[in-house]
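Step one of this worksheet: look at the structure below.
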Amino acid sequence: MNTRMKLSALATAVTLAVTGQVASAQNTAEKKRQATLEVVEVTARRTTENLQEVPVSVTSLGAEALSNAGVSVLTEVQQFSPNTTLQNSRGTNSTLTAFIRGVGQQDPLWGYEPGVGIYIDDVYMARPQGAVLDLLNVERIEVLRGPQGTLYGKNTIGGAVKYVTKRMSGDANAQVDVTVGSYGQQDLKLTAELPLVKDKAYLGLGYADLSRDGFGEYLIIADSMGYQDPENYNKDLTAMRATLELTPTDNLFIQLAYDQTEDDSNAKGGYRLLPSLLTNAPVPGSVFDSYTSMPTDNYVELKGFSLTAEWNVSDELTVKYIGASRESYSDTNIDFDNTPLDIFDVPAFYDDENTSHELQFSYAKEGYSVVGGIYNYDGESCGHFDAILGFLGRAAFGVPGLTREVTGCNNSKSTAVYAQSSIDLSDQWSVTIGARYTEEEKDAFVKNGLNFSNVYPRSGWVPGYVRPDTAVFPQVLGRDTNGDGVLDAPKSEKWDRVTPRVGIEYQMDDQTMIYASYGQGFKSGTFNPRATINEVAADPEIVDSLEIGIKKDWGASLRTNVTAFTIDHQDRQYITVTPDPNDPAALNQNLGNIKGSTVDGLEAEIVWAASDALSVDVALGVLDGKIENDPTIAAPLVGLSNTPDYTLNVGATYYFDTAMGNFTARANYYYRDDYILFEDSDLLAQDGYGMVNLGLTWESLSGDVYGGLYVKNATDEEYMVGGYNFVGVAADGSYLPGLGGDQTLISYYGDPRTVHLNFGYRF
């Protein structure tokens with residue numbers, strides 16, 4: 001067992017741990033619970049508003065609700081938001097696959113843009129790598145469904161997930177939090193707040209470790225790899241954060257934060273659904289067991305800083321600046337075939353950095369309000385992978401191995417201006433009008449070529465390996481600046497887009513709002529990061545959405561928020577087959593735009609305060625998605641990926657006070673209907689499944705000591721969250737060898753049943 005105690009998947013996780021005391025840290029002995037609904041505040045429209053008065057489909061989860069449910073990582077939030085998918089990507093511990101209402105991005109390779117935006121205190125996380133965040137001491141998490149192109153900009157065509165952290169309290173305090181659990185889980189979190197100047201300056205420090213043994217193991221590792229850690233699906237992370245908060249005047253707030261994380265969790269091995277035809281790799285007995293011909297180590301480092309300044313110029317006007325600079329680096333080993341033979345191995349690294357600046361203005365007056373701003377983003381996303389087909393090279397060509405190496409960068413600069421206003425037409429009627437203009441430039445280059453040996457990114461990647469000087473590959477995408485016929489510079493493309501939003505709201509009475517809205521979003525155009533020729537860029541994707549909803553409180557104990565929507569997703573970026581006018585027999589596979597998809601759906605969120613001790617919540621999502629086939633696609637499309645027709649969560653929370661302290665019992669049942677992992681194949685399809693989660697939390701009467709006992713996935717359901725499909729299917733339904741010569745049909749799974757016990761002390 002690994003005895004080091006590591007934090008979870010991202011440095012910014014500690015952001016959420018150090019900015020204040022645990023949000024559930026309340027002296028519950030003094031709380032008088034009543035059978036009444038909570039007033040929920042959100043910042044979905046970049047200003048603080050009552051959830052029931054915001055004409056947007058949004059789920060808001062407060063810190064107390066997250067704590068009661070034992071939610072510890074972003075992927076668990078999907079349970080509480082209808083029509084939402086937040087899952088670990090295949091082969092990694094911390095890369096996020098996110099879909100909302102059938103819109104997202106499957107492939108996390110550099111150059112491909114996400115379809116769901118992730119924000120921490122309004123700072124945009126540009127890449128899915130490292131976006132599986134642990135949830136620690138947040139004030140709330142908001143899931144905005146539908147395109148958010150006006151206020152949040154590009155790459156929010158499916159929606160956005162927002163972390164809102166709690167500011168420091170101003171009092172000197174410290175906290176120790178320890179968790180032990182299944183599979184050798186050991187977590188330690190230390191946070192502290194120190195007033196530097198009373199009421200003016202505060203310093204926050206945080207350090208956290210999280211470690212866990214693997215859910216499974218690598219049953220066989222190639223002898224040529226020497227000793228490798230056999231743990232599979234383990235966790236081994238550390239993180240730190242420092243935050244400085246300044247309040248030089250009553251109307252000015254400044255926050256400067258720095259964070260850093262190192263993730264040493266092993267590379268994740270997949271489960272073979274079919275036995276290998278080429279080597280000793282039968283179907284394992286556990287879905288968490290695997291085989292590999294690669295090193296099992298994996299490394300991710302993330303660091304960055306942010307600066308936020310908020311100036312309340314007057315009672316009506318607020319000016320806010322948000323600036324951030326982040327960088328990340330990761331080495332990863334992805335064994336596509338998951339055997340101890342080099343059938344299809346992919347060692348890779350990613351190197352990303354970006355800066356962003358936003359100046360935001362918020363003005364509110366009797367009868368109207370407006371939010372506007374200017375946004376600038378400059379990012380560089382680079383990577384390198386070697387697709388090693390060593391067995392095929394030896395067997396088919398009689399050479400030492402076979403590698404296709406792909407390297408490149410896909411860089412983006414964008415500037416946007418936006419404004420959105422809500423105007424009261426009468427005491428009951430109001431309208432919302434907004435627009436965002438974005439101008440974007442991308443430049444990219446790709447180097448791509450073959451080598452008849454097994455090539456790794458650098459010397460020492462595997463034991464004894466020395467990368468030869470001859471492992472140089474040609475640039476295939478870019479520009480020829482001097483006319484010598486050799487590409488020597490990146491290729492560039494520009495786009496601009498206006499994304500509007502318009503809505504109308506009717507406040508029927510104090511407890512009922514009906515609204516209808518139209519919104520648009522776009523996902524950036526991009527160049528193919530796997531290009532083999534000097535192809536043109538794919539244009540942006542566009543999503544148009546119509547939505548009608550009703551938000552109603554039925555007295556003080558029942559709340560029903562219901563939304564119906566329709567989405568038209570146009571110009572989807574996809575690998576297309578393009579005929580060569582000079583060679584009728586040649587078909588080039590390029591990244592292009594295809595017809596698109598449509599989604600119609602319904603969402604209902606219900607909260608019932610049944611008594612002063614019991615509350616019940618329901619989140620239901622229903623959708624009907626259709627994807628259009630396109631003659632330019634090599635394989636027909638069979639459906640939307642990661643998009644079940646139904647999602648349902650039913651939960652109950654019960655509070656009871658004793659002489660020993662105050663207890664909260666929580667249980668929920670979460671159901672996801674059938675879904676497929678890839679749009680062009682139904683070979684990796686997950687049947688509908690239901691999951692039960694249980695929690696019991698306790699807090700002392702003084703509020704200084706707290707604890708919790710949690711059981712997650714109590715019925716130990718097995719459910720797929722990712723996979724690889726490199727297998728053919730014969731006319732009789734039998735499987736045929738695919739790329740690399742083997743039956744490669746691989747799946748990755750969500751967490752099994754786990755139990756963990758948590759204790760903490762607040763000084």
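Numbering starts fresh at 1 for the residues of each chain in the structure tokens, the chains themselves are lettered A, B, ... in the order given, and ligands are numbered from 1 as they appear.
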Write out, as a tab-separated table, each residue of segment 181-283 of chain A that has an atom at most 12 Å from segment 683-704 of chain A, together with the closest pair of atoms and their distance in Å to one decimal, counting only C-alpha atoms, rows going by chain and rising number.
```
residue	atom	partner	partner_atom	distance
A:Tyr271	CA	A:Leu684	CA	11.9
A:Arg272	CA	A:Leu684	CA	11.6
A:Leu273	CA	A:Leu684	CA	9.6
A:Leu274	CA	A:Leu683	CA	11.7
```
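Contact shell of Glu679 of chain A at 6 Å (only C-alpha atoms; same-chain neighbours under 4 positions omitted): A:Leu637, A:Val638, A:Gly639, A:Leu640, A:Ser641.
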Notebook entry, point to check: Got a sec: who's within 8 Å of segment 309-322 of chain A, counting only C-alpha atoms, leaving out chain neighbours fewer than 2 positions off, as a PyMOL selection string?
Noted result: chain A and resi 122-123+251-255+306-307+324+356-365
Checklist line | Distance query Val472 of chain A at most 10 Å, only C-alpha atoms, self and fewer than 2 positions along chain excluded, as a count of residues only | finding: 11
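Comparing the minimum interatomic distances between Asn298 of chain A and each of A:Gln52, A:Thr279, A:Asn232, A:Thr243, counting only C-alpha atoms, we find that A:Asn232 sits nearest.
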Please report, as JSON lines, each residue of segment 406-474 of chain A lying at most 12 Å from segment 154-166 of chain A, together with the nearest pair of atoms and the separation in Å rounded to one decimal; use only C-alpha atoms, and order rows by chain and ascending residue number.
```
{"residue": "A:Ser412", "atom": "CA", "partner": "A:Lys154", "partner_atom": "CA", "distance": 11.7}
{"residue": "A:Lys413", "atom": "CA", "partner": "A:Lys154", "partner_atom": "CA", "distance": 11.8}
{"residue": "A:Ser414", "atom": "CA", "partner": "A:Lys154", "partner_atom": "CA", "distance": 9.4}
{"residue": "A:Thr415", "atom": "CA", "partner": "A:Lys154", "partner_atom": "CA", "distance": 10.5}
{"residue": "A:Ala416", "atom": "CA", "partner": "A:Lys154", "partner_atom": "CA", "distance": 9.4}
{"residue": "A:Val417", "atom": "CA", "partner": "A:Lys154", "partner_atom": "CA", "distance": 12.0}
{"residue": "A:Tyr418", "atom": "CA", "partner": "A:Lys154", "partner_atom": "CA", "distance": 11.9}
{"residue": "A:Arg436", "atom": "CA", "partner": "A:Lys154", "partner_atom": "CA", "distance": 9.7}
{"residue": "A:Tyr437", "atom": "CA", "partner": "A:Lys154", "partner_atom": "CA", "distance": 10.2}
{"residue": "A:Thr438", "atom": "CA", "partner": "A:Lys154", "partner_atom": "CA", "distance": 8.0}
{"residue": "A:Glu439", "atom": "CA", "partner": "A:Lys154", "partner_atom": "CA", "distance": 10.2}
{"residue": "A:Glu440", "atom": "CA", "partner": "A:Lys154", "partner_atom": "CA", "distance": 9.7}
```
Notebook entry, point to check: Looking only at the backbone, which of the residues in segment 262-461 of chain A does DSSP tag as alpha helix (DSSP H), as a list of chain:residue names?
Noted result: A:Gly390, A:Phe391, A:Leu392, A:Gly393, A:Arg394, A:Ala395, A:Ala396, A:Phe397
Resulting file, chosen residues, all heavy atoms, as a CSV table (one decimal), in the first residue's frame:
```csv
chain,number,residue,atom,x,y,z
A,390,GLY,N,4.1,-2.2,-32.5
A,390,GLY,CA,5.4,-3.0,-32.6
A,390,GLY,C,5.1,-4.4,-33.1
A,390,GLY,O,5.9,-4.9,-34.0
A,391,PHE,N,4.1,-5.1,-32.6
A,391,PHE,CA,3.9,-6.5,-33.1
A,391,PHE,C,3.6,-6.5,-34.6
A,391,PHE,O,4.1,-7.3,-35.3
A,391,PHE,CB,2.7,-7.1,-32.3
A,391,PHE,CG,2.3,-8.4,-32.8
A,391,PHE,CD1,3.0,-9.6,-32.5
A,391,PHE,CD2,1.2,-8.5,-33.7
A,391,PHE,CE1,2.6,-10.8,-33.0
A,391,PHE,CE2,0.8,-9.7,-34.2
A,391,PHE,CZ,1.5,-10.9,-33.9
A,392,LEU,N,2.7,-5.5,-35.0
A,392,LEU,CA,2.4,-5.5,-36.5
A,392,LEU,C,3.6,-5.2,-37.3
A,392,LEU,O,3.8,-5.9,-38.4
A,392,LEU,CB,1.4,-4.4,-36.7
A,392,LEU,CG,0.9,-4.2,-38.1
A,392,LEU,CD1,0.2,-5.4,-38.6
A,392,LEU,CD2,0.0,-2.9,-38.2
A,393,GLY,N,4.5,-4.3,-36.9
A,393,GLY,CA,5.7,-4.1,-37.6
A,393,GLY,C,6.6,-5.3,-37.8
A,393,GLY,O,7.1,-5.6,-38.9
A,394,ARG,N,6.7,-6.1,-36.7
A,394,ARG,CA,7.6,-7.3,-36.8
A,394,ARG,C,6.9,-8.4,-37.6
A,394,ARG,O,7.5,-9.1,-38.4
A,394,ARG,CB,7.9,-7.8,-35.4
A,394,ARG,CG,8.7,-6.8,-34.5
A,394,ARG,CD,9.1,-7.5,-33.2
A,394,ARG,NE,8.0,-7.8,-32.4
A,394,ARG,CZ,7.5,-6.9,-31.5
A,394,ARG,NH1,7.9,-5.7,-31.4
A,394,ARG,NH2,6.4,-7.3,-30.7
A,395,ALA,N,5.6,-8.6,-37.4
A,395,ALA,CA,4.9,-9.7,-38.0
A,395,ALA,C,4.6,-9.4,-39.5
A,395,ALA,O,4.7,-10.3,-40.4
A,395,ALA,CB,3.5,-9.9,-37.3
A,396,ALA,N,4.2,-8.2,-39.9
A,396,ALA,CA,3.8,-7.9,-41.2
A,396,ALA,C,5.0,-7.4,-42.1
A,396,ALA,O,5.0,-7.7,-43.3
A,396,ALA,CB,2.7,-6.8,-41.2
A,397,PHE,N,6.0,-6.7,-41.5
A,397,PHE,CA,7.0,-6.1,-42.3
A,397,PHE,C,8.4,-6.6,-42.0
A,397,PHE,O,9.4,-6.2,-42.7
A,397,PHE,CB,7.0,-4.6,-42.2
A,397,PHE,CG,5.6,-4.0,-42.5
A,397,PHE,CD1,4.8,-3.5,-41.4
A,397,PHE,CD2,5.1,-4.0,-43.8
A,397,PHE,CE1,3.6,-2.9,-41.7
A,397,PHE,CE2,3.8,-3.4,-44.0
A,397,PHE,CZ,3.1,-2.9,-43.0
```
Item checked: Residues of segment 69-170 of chain A in strand (DSSP E or B), written as an MDAnalysis selection string -> chainID A and resid 73 84:88 96:100 103:104 116:120 123:125 134 138:145 159:165
Item checked: Using only C-alpha atoms: which of A:Ala192, A:Ile504, A:Leu66, A:Val180 has the shortest distance to Gln79 of chain A -> A:Leu66
Go through segment 507-542 of chain A residue by residue and, counting only C-alpha atoms, keep those with an atom at most 7 Å from segment 95-118 of chain A; for each kept residue give the shortest atom pair and its distance in Å to one decimal, ordered by chain and increasing number, as JSON lines.
```
{"residue": "A:Lys523", "atom": "CA", "partner": "A:Gly115", "partner_atom": "CA", "distance": 6.5}
{"residue": "A:Ser524", "atom": "CA", "partner": "A:Glu113", "partner_atom": "CA", "distance": 6.6}
{"residue": "A:Thr526", "atom": "CA", "partner": "A:Gly111", "partner_atom": "CA", "distance": 6.4}
{"residue": "A:Phe527", "atom": "CA", "partner": "A:Gly111", "partner_atom": "CA", "distance": 6.6}
{"residue": "A:Asn528", "atom": "CA", "partner": "A:Gly111", "partner_atom": "CA", "distance": 7.0}
{"residue": "A:Pro529", "atom": "CA", "partner": "A:Gly111", "partner_atom": "CA", "distance": 5.7}
```
Notebook entry, point to check: Which residue gives the smallest distance to Arg458 of chain A among A:Ser369, A:Phe565, A:Pro347, A:Lys491, with only C-alpha atoms counted?
Noted result: A:Pro347
Restrict the calculation to only C-alpha atoms, then for each residue of segment 523-564 of chain A with any atom at most 7 Å from an atom of segment 590-602 of chain A give the closest atom pair and their distance in Å to one decimal, rows by chain and rising residue number, as CSV.
```
residue,atom,partner,partner_atom,distance
A:Asn528,CA,A:Leu591,CA,5.5
A:Glu535,CA,A:Asn590,CA,6.8
A:Ala538,CA,A:Gly592,CA,4.8
A:Asp539,CA,A:Asn593,CA,6.7
A:Thr563,CA,A:Leu602,CA,5.7
A:Ala564,CA,A:Leu602,CA,4.4
```
Mind writing the picked residues with N, CA, C and O atoms as a tab-separated table (two decimals), in the first residue's frame?
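Generated file (selection.tsv):
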```
chain	number	residue	atom	x	y	z
A	528	ASN	N	-6.89	20.02	-37.20
A	528	ASN	CA	-6.82	18.61	-36.85
A	528	ASN	C	-5.48	18.30	-36.18
A	528	ASN	O	-4.43	18.37	-36.82
A	535	GLU	N	-4.17	20.11	-44.32
A	535	GLU	CA	-5.60	20.34	-44.50
A	535	GLU	C	-6.04	21.68	-43.92
A	535	GLU	O	-5.32	22.30	-43.13
A	538	ALA	N	-11.22	23.19	-39.43
A	538	ALA	CA	-12.66	23.00	-39.29
A	538	ALA	C	-13.27	24.26	-38.71
A	538	ALA	O	-12.69	24.92	-37.85
A	539	ASP	N	-14.45	24.61	-39.20
A	539	ASP	CA	-15.14	25.81	-38.73
A	539	ASP	C	-15.75	25.59	-37.35
A	539	ASP	O	-15.88	24.44	-36.89
A	563	THR	N	-38.35	22.68	-16.97
A	563	THR	CA	-37.88	23.31	-18.19
A	563	THR	C	-38.07	22.35	-19.36
A	563	THR	O	-37.76	21.16	-19.25
A	564	ALA	N	-38.56	22.87	-20.49
A	564	ALA	CA	-38.59	22.14	-21.75
A	564	ALA	C	-37.68	22.87	-22.73
A	564	ALA	O	-37.63	24.10	-22.75
```
Checklist line | Residue neighbourhood Ser426 of chain A, 9 Å, only C-alpha atoms, exclusion window fewer than 3 positions, as a ChimeraX atom specification | finding: /A:367,429-430
Notebook entry, point to check: Using only C-alpha atoms, which of A:Val143, A:Leu196, A:Leu246, A:Ala489 sits nearest Asn83 of chain A?
Noted result: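 Distance minimum relative to Asn83 of chain A lands on A:Val143.
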